[in-house]
Amino acid sequence: MIDLADLTLVDAAEAVRTGQATSRQLLDACWANLDKANPVLNATIWLDRERAETDAKAADQAVRDKKPLGKLHGVPMAHKDMYYQAGRLSTAGSALRRDWRPGITGTAVARMAAEGAYVFGGLNMAEFAQNPTGHNKTFGDCHNPWNLPYITGGSSSGSGAAVSARMTYAALGSDTGGSIRLPAAACGVTGIKPTQSRVSRYGAMPLSFSHDNVGPLCRTARDCARIMSIIAGHDPMDPTSSGEPVPDYEAALTGDLRGLRIGVPETYFLEGADAPVLAAMDAALKVLESRGAVVTRMTLPLMDAVAAYGGIVSRVEAATIHAQWMRDDPQAYGKHISGRMYPGYAIPAPYYVESLSRRGPILKAFAAEVFAKVDILVTPTIPTCLPTLAETDIDHGPPGTEHTFMAVSVNTRPFNYLGLPAVSVNCGFDPNGCPVGLQIAGRPFAEARVLRVADAYQRDTDWHTRRPRVLS
Amino acid sequence: MDDFPTVTEAAIARWFGIAPPNDPGRRLAADLAHTIAAFETLRGTLVFEDEPSSFEAALQATKETGV
């Protein structure tokens, strides 16, 4: 008998729509895994079972009444606890917002609700979305479902762990330097950072105005495509959101990779990479080649500038947002959060302006050279085997721990400065039994293409279907 | 550069009223020397005819057109 929590998001929605399962059954299936795994994973910050049961009941009644059903009808979800829902908790993973309840609802959550999804909880996250590991001083560290002492990736730590452990069919994350792709990679799920401006950020906790992105973590690329089709597109409440038309992302998942030109950067992204990670990536490339893709090894231009400028933008913007709290209550933050923000105040304004003013020209020069030769770039999402929580614990570790910590996100940060869409899929496991992520990036607004590649890969492999050890 | 950490902390305190929150903060502030070095390396190496220009326009100019 199938465990309903093992269904993908798309299959779960279809099961409710066709009457093969009720929304209440989906909720109960997710809750069974919550009861089993969450005590050791610590993937949630709050849960609202009572309201979820009410929402499930209403969803099931709508099916019986043969009302029009949305694309996510009756699907229970939980999200990174930084999405605003009027009157409900939104802690941002911080003691400073432990009891905060916003008065507005974020656009991404509202759009999914309009398609019939409902929210049963807020998921653990790095404080104010500011680490790539999953440490959290206030609510406790989140643990990897495949091997508990190891990092989940961050900052959407609970989103990665909860999707992996079948506690939710999907979860919103946010990505300022890798915070969707890193937990997707570390927890063995699929996550997409969209093109900058592709998804409205209204009602999402801000970290870096120029680099923040809203996107989903799911079990499959098709699930990500379903959610992207719903949350992408212009939002009058977020004037920075793009008016670029939203394609049918699910329709683009044809499996056809014939003639696709894949670029594999030989520099920067592979520096310091571990052998098991490289082996997993090479095996994945062979799968893509078997579908007709052509792989080219190449050197990427401008990476020194991308790395230098990108680091300036996010640090200065985060420091600006947090200045008052840093004056009033710096000890409310974890050491690694306040410690990393602190240098942002010393960066001169001309450095920040230079970094921003050159972002457009650098993107154009990068795209002109790279995308004339290839259609997508493929890299490891995290170049090394996963470190443990202890190895990356700046708050309690020795001097130098911050370098191990920052190395986790070295391959994801460049695509935030460049604004490019990138998806991470599981492509194997390291010797410690932790997942290895494959990052697939494309041109601006190439979400359909990168999801097509990810979906094609998942048609030929079964990494994404495997259940984590915590459920065994 | 030996006085760099002291000067940096003084500048942050003067401009923002923020003190070093902990030892990692002090160490990472000292690491800004690497940021300066990275900018020094870039000086004079990048010349763009369209600088400054809109990032949003660049996204449009380089976007995917059909899959």
# chains A, B, ... in the order shown; residues from 1 in each chain; ligands from 1

$ interface_residues --of "chain A" --to "chain B" --cutoff "7 Å" --atoms "only C-alpha atoms" --output "ChimeraX atom specification"
/A:305,308,326-327,330,335-336,338-340,342-343,345-346,357-361,363-364,367,443-446,449

$ select_by_dssp --residues "region 194-263 of chain A" --states "strand (DSSP E or B)" --output "JSON, numbers by chain"
{"A": [199, 204, 214, 215, 216, 217, 218, 232, 235, 238, 261, 262, 263]}

$ write_last_selection --atoms "C-alpha atoms" --output "PDB file, in the first residue's frame"
ATOM      1  CA  VAL A 199       8.655  36.021  -8.409  1.00  0.00           C
ATOM      2  CA  ALA A 204       8.598  37.889   2.350  1.00  0.00           C
ATOM      3  CA  VAL A 214      11.399  33.514  -3.633  1.00  0.00           C
ATOM      4  CA  GLY A 215      11.156  29.934  -4.860  1.00  0.00           C
ATOM      5  CA  PRO A 216      10.069  26.384  -4.026  1.00  0.00           C
ATOM      6  CA  LEU A 217      11.721  23.245  -2.695  1.00  0.00           C
ATOM      7  CA  CYS A 218       9.948  20.081  -3.847  1.00  0.00           C
ATOM      8  CA  ALA A 232       5.783  33.689 -11.038  1.00  0.00           C
ATOM      9  CA  ASP A 235       2.723  41.658  -8.810  1.00  0.00           C
ATOM     10  CA  ASP A 238       6.121  44.371  -5.655  1.00  0.00           C
ATOM     11  CA  ARG A 261      24.689  22.649 -25.160  1.00  0.00           C
ATOM     12  CA  ILE A 262      25.925  22.152 -21.609  1.00  0.00           C
ATOM     13  CA  GLY A 263      28.853  24.153 -20.283  1.00  0.00           C
TER      14      GLY A 263
END

$ atom_distance --atom1 "CA of Val295 (chain A)" --atom2 "CA of Pro380 (chain A)"
14.9 Å

$ residues_around --residues "region 180-193 of chain A" --least-positions-apart "2" --cutoff "8 Å" --atoms "only C-alpha atoms" --output "PyMOL selection string"
chain A and resi 132+144-146+151-157+159-161+163-164+173-175+178+195+213-221+224+381-382+386+408-409+412+421-426+434-439+463-464

$ write_last_selection --atoms "N, CA and C atoms" --output "short mmCIF file (atom, residue, chain, number, x, y, z; two decimals), in the first residue's frame"
data_model
loop_
_atom_site.label_atom_id
_atom_site.label_comp_id
_atom_site.auth_asym_id
_atom_site.auth_seq_id
_atom_site.Cartn_x
_atom_site.Cartn_y
_atom_site.Cartn_z
N PRO A 132 24.32 29.49 5.57
CA PRO A 132 24.18 28.43 4.56
C PRO A 132 24.19 27.03 5.16
N ASN A 144 20.14 17.02 9.32
CA ASN A 144 19.98 16.41 7.99
C ASN A 144 19.24 15.07 8.07
N PRO A 145 18.19 14.89 7.29
CA PRO A 145 17.40 13.65 7.36
C PRO A 145 18.18 12.41 6.92
N TRP A 146 19.29 12.61 6.22
CA TRP A 146 20.07 11.46 5.75
C TRP A 146 21.14 11.05 6.74
N ILE A 151 25.01 19.03 8.18
CA ILE A 151 24.20 20.23 7.93
C ILE A 151 23.06 19.91 6.96
N THR A 152 21.99 20.68 7.09
CA THR A 152 20.89 20.59 6.13
C THR A 152 21.11 21.52 4.96
N GLY A 153 22.11 22.39 5.07
CA GLY A 153 22.16 23.53 4.16
C GLY A 153 21.20 24.59 4.67
N GLY A 154 21.45 25.81 4.27
CA GLY A 154 20.57 26.90 4.69
C GLY A 154 20.58 27.99 3.64
N SER A 155 19.78 28.94 3.82
CA SER A 155 19.09 29.20 5.06
C SER A 155 17.73 28.52 5.19
N SER A 156 17.22 27.95 4.10
CA SER A 156 15.89 27.31 4.16
C SER A 156 16.03 25.89 4.69
N SER A 157 16.62 25.76 5.88
CA SER A 157 16.98 24.46 6.42
C SER A 157 15.76 23.57 6.65
N SER A 159 12.86 23.81 5.30
CA SER A 159 12.20 23.50 4.03
C SER A 159 12.85 22.27 3.38
N GLY A 160 14.18 22.25 3.35
CA GLY A 160 14.86 21.10 2.78
C GLY A 160 14.61 19.83 3.57
N ALA A 161 14.72 19.92 4.90
CA ALA A 161 14.55 18.73 5.73
C ALA A 161 13.12 18.22 5.69
N VAL A 163 10.73 18.65 3.35
CA VAL A 163 10.35 18.07 2.06
C VAL A 163 11.01 16.70 1.91
N SER A 164 12.27 16.61 2.30
CA SER A 164 12.98 15.34 2.21
C SER A 164 12.31 14.26 3.06
N GLY A 173 11.08 28.44 -0.06
CA GLY A 173 12.32 28.88 0.56
C GLY A 173 12.61 30.27 0.04
N SER A 174 13.73 30.80 0.42
CA SER A 174 14.19 32.06 -0.18
C SER A 174 15.67 31.91 -0.46
N ASP A 175 16.16 32.65 -1.45
CA ASP A 175 17.53 32.43 -1.92
C ASP A 175 18.21 33.77 -2.19
N GLY A 178 22.08 31.30 -2.08
CA GLY A 178 22.03 29.85 -2.25
C GLY A 178 21.02 29.18 -1.34
N THR A 195 14.99 33.53 -11.78
CA THR A 195 15.60 34.78 -12.24
C THR A 195 15.24 35.91 -11.28
N ASN A 213 15.42 36.21 -3.55
CA ASN A 213 14.51 35.52 -4.47
C ASN A 213 13.59 34.58 -3.69
N VAL A 214 12.38 34.45 -4.19
CA VAL A 214 11.40 33.51 -3.63
C VAL A 214 11.28 32.32 -4.58
N GLY A 215 11.28 31.11 -4.00
CA GLY A 215 11.16 29.93 -4.86
C GLY A 215 10.83 28.69 -4.04
N PRO A 216 10.49 27.60 -4.72
CA PRO A 216 10.07 26.38 -4.03
C PRO A 216 11.16 25.33 -3.86
N LEU A 217 11.00 24.52 -2.82
CA LEU A 217 11.72 23.25 -2.69
C LEU A 217 10.67 22.14 -2.75
N CYS A 218 10.91 21.17 -3.61
CA CYS A 218 9.95 20.08 -3.85
C CYS A 218 10.73 18.79 -4.01
N ARG A 219 10.00 17.71 -4.28
CA ARG A 219 10.72 16.47 -4.53
C ARG A 219 11.14 16.34 -5.99
N THR A 220 10.42 16.94 -6.89
CA THR A 220 10.74 16.77 -8.31
C THR A 220 10.76 18.12 -9.04
N ALA A 221 11.37 18.10 -10.21
CA ALA A 221 11.37 19.29 -11.06
C ALA A 221 9.95 19.61 -11.53
N CYS A 224 8.28 21.57 -8.90
CA CYS A 224 8.77 22.95 -8.93
C CYS A 224 8.11 23.72 -10.07
N THR A 381 26.38 21.82 -6.79
CA THR A 381 25.75 22.86 -5.98
C THR A 381 26.65 23.20 -4.80
N ILE A 382 27.17 22.19 -4.15
CA ILE A 382 28.16 22.34 -3.07
C ILE A 382 29.38 21.53 -3.51
N LEU A 386 29.40 17.04 2.30
CA LEU A 386 28.77 17.89 3.32
C LEU A 386 29.59 17.91 4.61
N VAL A 408 30.62 26.61 1.94
CA VAL A 408 29.42 25.86 1.55
C VAL A 408 28.70 26.53 0.38
N SER A 409 28.68 27.86 0.39
CA SER A 409 27.86 28.57 -0.61
C SER A 409 28.67 29.17 -1.75
N THR A 412 27.00 28.80 -5.23
CA THR A 412 25.64 29.30 -5.47
C THR A 412 25.60 30.82 -5.54
N PRO A 421 18.61 32.14 -13.26
CA PRO A 421 17.87 31.05 -12.64
C PRO A 421 18.75 29.81 -12.50
N ALA A 422 18.58 29.10 -11.39
CA ALA A 422 19.38 27.90 -11.17
C ALA A 422 18.58 26.92 -10.33
N VAL A 423 18.63 25.65 -10.72
CA VAL A 423 17.93 24.60 -9.99
C VAL A 423 18.97 23.63 -9.45
N SER A 424 18.67 23.04 -8.29
CA SER A 424 19.53 21.98 -7.75
C SER A 424 18.74 20.69 -7.66
N VAL A 425 19.34 19.61 -8.17
CA VAL A 425 18.73 18.28 -8.07
C VAL A 425 19.72 17.32 -7.42
N ASN A 426 19.19 16.29 -6.81
CA ASN A 426 20.05 15.28 -6.20
C ASN A 426 20.67 14.42 -7.30
N CYS A 434 25.34 11.35 2.67
CA CYS A 434 24.64 12.63 2.46
C CYS A 434 24.50 12.92 0.97
N PRO A 435 23.40 13.56 0.58
CA PRO A 435 23.16 13.81 -0.83
C PRO A 435 24.19 14.75 -1.46
N VAL A 436 24.33 14.61 -2.77
CA VAL A 436 25.16 15.50 -3.58
C VAL A 436 24.23 16.22 -4.55
N GLY A 437 24.40 17.53 -4.66
CA GLY A 437 23.52 18.32 -5.52
C GLY A 437 24.17 18.71 -6.83
N LEU A 438 23.37 18.72 -7.88
CA LEU A 438 23.80 19.17 -9.21
C LEU A 438 23.09 20.48 -9.50
N GLN A 439 23.87 21.53 -9.77
CA GLN A 439 23.29 22.84 -10.04
C GLN A 439 23.21 23.06 -11.56
N TRP A 463 17.35 9.01 -7.84
CA TRP A 463 17.85 9.62 -6.59
C TRP A 463 16.74 10.38 -5.87
N HIS A 464 15.91 11.07 -6.64
CA HIS A 464 14.90 11.96 -6.05
C HIS A 464 13.75 11.18 -5.41
#

$ closest_residue --among "A:Ala307, A:Ala114, A:Leu418, A:Met77" --to "Phe366 (chain A)" --atoms "only C-alpha atoms"
A:Leu418

$ residues_around --residues "His322 (chain A)" --least-positions-apart "5" --cutoff "9 Å" --atoms "only C-alpha atoms" --output "NGL selection string"
:A and (207 or 317 or 327 or 341)

$ atom_distance --atom1 "CA of Leu47 (chain A)" --atom2 "CA of Trp31 (chain A)"
10.3 Å

$ select_by_dssp --residues "region 292-384 of chain A" --states "helix (DSSP H, G or I)" --output "ChimeraX atom specification"
/A:303-321,323-328,330-332,335-346,349-357,359-370

$ write_last_selection --atoms "C-alpha atoms" --output "PDB file, in the first residue's frame"
ATOM      1  CA  MET A 303      34.291  35.426 -12.074  1.00  0.00           C
ATOM      2  CA  ASP A 304      36.680  37.518  -9.929  1.00  0.00           C
ATOM      3  CA  ALA A 305      34.417  40.517 -10.401  1.00  0.00           C
ATOM      4  CA  VAL A 306      31.263  38.505  -9.791  1.00  0.00           C
ATOM      5  CA  ALA A 307      32.665  37.130  -6.535  1.00  0.00           C
ATOM      6  CA  ALA A 308      34.006  40.458  -5.274  1.00  0.00           C
ATOM      7  CA  TYR A 309      30.987  42.557  -6.177  1.00  0.00           C
ATOM      8  CA  GLY A 310      28.393  39.989  -5.181  1.00  0.00           C
ATOM      9  CA  GLY A 311      29.754  39.749  -1.661  1.00  0.00           C
ATOM     10  CA  ILE A 312      29.603  43.494  -1.219  1.00  0.00           C
ATOM     11  CA  VAL A 313      25.967  43.886  -2.262  1.00  0.00           C
ATOM     12  CA  SER A 314      24.407  41.340   0.047  1.00  0.00           C
ATOM     13  CA  ARG A 315      26.563  42.254   3.050  1.00  0.00           C
ATOM     14  CA  VAL A 316      25.822  45.964   2.840  1.00  0.00           C
ATOM     15  CA  GLU A 317      22.102  45.497   2.268  1.00  0.00           C
ATOM     16  CA  ALA A 318      21.735  43.044   5.156  1.00  0.00           C
ATOM     17  CA  ALA A 319      23.697  45.332   7.468  1.00  0.00           C
ATOM     18  CA  THR A 320      21.495  48.266   6.507  1.00  0.00           C
ATOM     19  CA  ILE A 321      18.269  46.426   7.275  1.00  0.00           C
ATOM     20  CA  ALA A 323      21.290  48.426  11.856  1.00  0.00           C
ATOM     21  CA  GLN A 324      18.784  49.347  14.558  1.00  0.00           C
ATOM     22  CA  TRP A 325      18.670  45.856  16.072  1.00  0.00           C
ATOM     23  CA  MET A 326      22.473  45.669  15.864  1.00  0.00           C
ATOM     24  CA  ARG A 327      22.602  48.853  17.974  1.00  0.00           C
ATOM     25  CA  ASP A 328      19.854  47.927  20.395  1.00  0.00           C
ATOM     26  CA  PRO A 330      23.147  42.618  19.211  1.00  0.00           C
ATOM     27  CA  GLN A 331      23.273  39.713  21.637  1.00  0.00           C
ATOM     28  CA  ALA A 332      19.834  38.561  20.455  1.00  0.00           C
ATOM     29  CA  LYS A 335      27.326  35.105  17.066  1.00  0.00           C
ATOM     30  CA  HIS A 336      27.766  34.066  13.455  1.00  0.00           C
ATOM     31  CA  ILE A 337      24.836  36.215  12.358  1.00  0.00           C
ATOM     32  CA  SER A 338      25.814  39.470  14.054  1.00  0.00           C
ATOM     33  CA  GLY A 339      29.490  38.693  13.461  1.00  0.00           C
ATOM     34  CA  ARG A 340      28.988  38.376   9.716  1.00  0.00           C
ATOM     35  CA  MET A 341      26.790  41.472   9.484  1.00  0.00           C
ATOM     36  CA  TYR A 342      29.177  43.657  11.457  1.00  0.00           C
ATOM     37  CA  PRO A 343      31.812  44.180   8.716  1.00  0.00           C
ATOM     38  CA  GLY A 344      29.068  45.338   6.357  1.00  0.00           C
ATOM     39  CA  TYR A 345      29.067  48.691   8.152  1.00  0.00           C
ATOM     40  CA  ALA A 346      32.679  49.331   7.203  1.00  0.00           C
ATOM     41  CA  ALA A 349      29.456  53.458  -0.222  1.00  0.00           C
ATOM     42  CA  PRO A 350      31.505  53.797  -3.433  1.00  0.00           C
ATOM     43  CA  TYR A 351      32.311  50.061  -3.243  1.00  0.00           C
ATOM     44  CA  TYR A 352      28.591  49.294  -2.959  1.00  0.00           C
ATOM     45  CA  VAL A 353      27.637  51.651  -5.787  1.00  0.00           C
ATOM     46  CA  GLU A 354      30.398  50.279  -8.003  1.00  0.00           C
ATOM     47  CA  SER A 355      29.159  46.752  -7.320  1.00  0.00           C
ATOM     48  CA  LEU A 356      25.602  47.633  -8.237  1.00  0.00           C
ATOM     49  CA  SER A 357      26.342  49.886 -11.190  1.00  0.00           C
ATOM     50  CA  ARG A 359      25.916  44.413 -12.282  1.00  0.00           C
ATOM     51  CA  GLY A 360      24.105  45.045 -15.553  1.00  0.00           C
ATOM     52  CA  PRO A 361      27.198  45.417 -17.736  1.00  0.00           C
ATOM     53  CA  ILE A 362      28.774  42.345 -16.162  1.00  0.00           C
ATOM     54  CA  LEU A 363      25.654  40.279 -16.795  1.00  0.00           C
ATOM     55  CA  LYS A 364      25.597  41.391 -20.414  1.00  0.00           C
ATOM     56  CA  ALA A 365      29.280  40.641 -20.945  1.00  0.00           C
ATOM     57  CA  PHE A 366      29.001  37.292 -19.143  1.00  0.00           C
ATOM     58  CA  ALA A 367      25.922  36.256 -21.108  1.00  0.00           C
ATOM     59  CA  ALA A 368      27.346  37.370 -24.440  1.00  0.00           C
ATOM     60  CA  GLU A 369      30.416  35.214 -23.997  1.00  0.00           C
ATOM     61  CA  VAL A 370      28.942  32.209 -22.183  1.00  0.00           C
TER      62      VAL A 370
END

$ residues_around --residues "Trp100 (chain A)" --least-positions-apart "3" --cutoff "9 Å" --atoms "only C-alpha atoms" --output "JSON, numbers by chain"
{"A": [87, 88, 89, 90, 91, 96, 97]}

$ write_last_selection --atoms "N, CA and C atoms" --output "compact mmCIF listing (two decimals), in the first residue's frame"
# COMPACT_ATOMS: atom_id res chain seq x y z
N GLY A 87 -1.95 37.64 10.62
CA GLY A 87 -2.39 37.11 11.90
C GLY A 87 -1.68 35.86 12.37
N ARG A 88 -0.80 35.30 11.53
CA ARG A 88 -0.10 34.08 11.93
C ARG A 88 1.37 34.39 12.22
N LEU A 89 2.00 33.55 13.01
CA LEU A 89 3.40 33.77 13.36
C LEU A 89 4.29 33.84 12.13
N SER A 90 5.31 34.66 12.22
CA SER A 90 6.36 34.69 11.20
C SER A 90 7.63 35.14 11.90
N THR A 91 8.38 34.18 12.41
CA THR A 91 9.48 34.49 13.33
C THR A 91 10.78 34.88 12.63
N LEU A 96 14.25 37.95 17.93
CA LEU A 96 13.73 39.32 17.79
C LEU A 96 12.32 39.34 17.21
N ARG A 97 11.90 38.28 16.57
CA ARG A 97 10.55 38.19 16.03
C ARG A 97 9.83 36.94 16.54
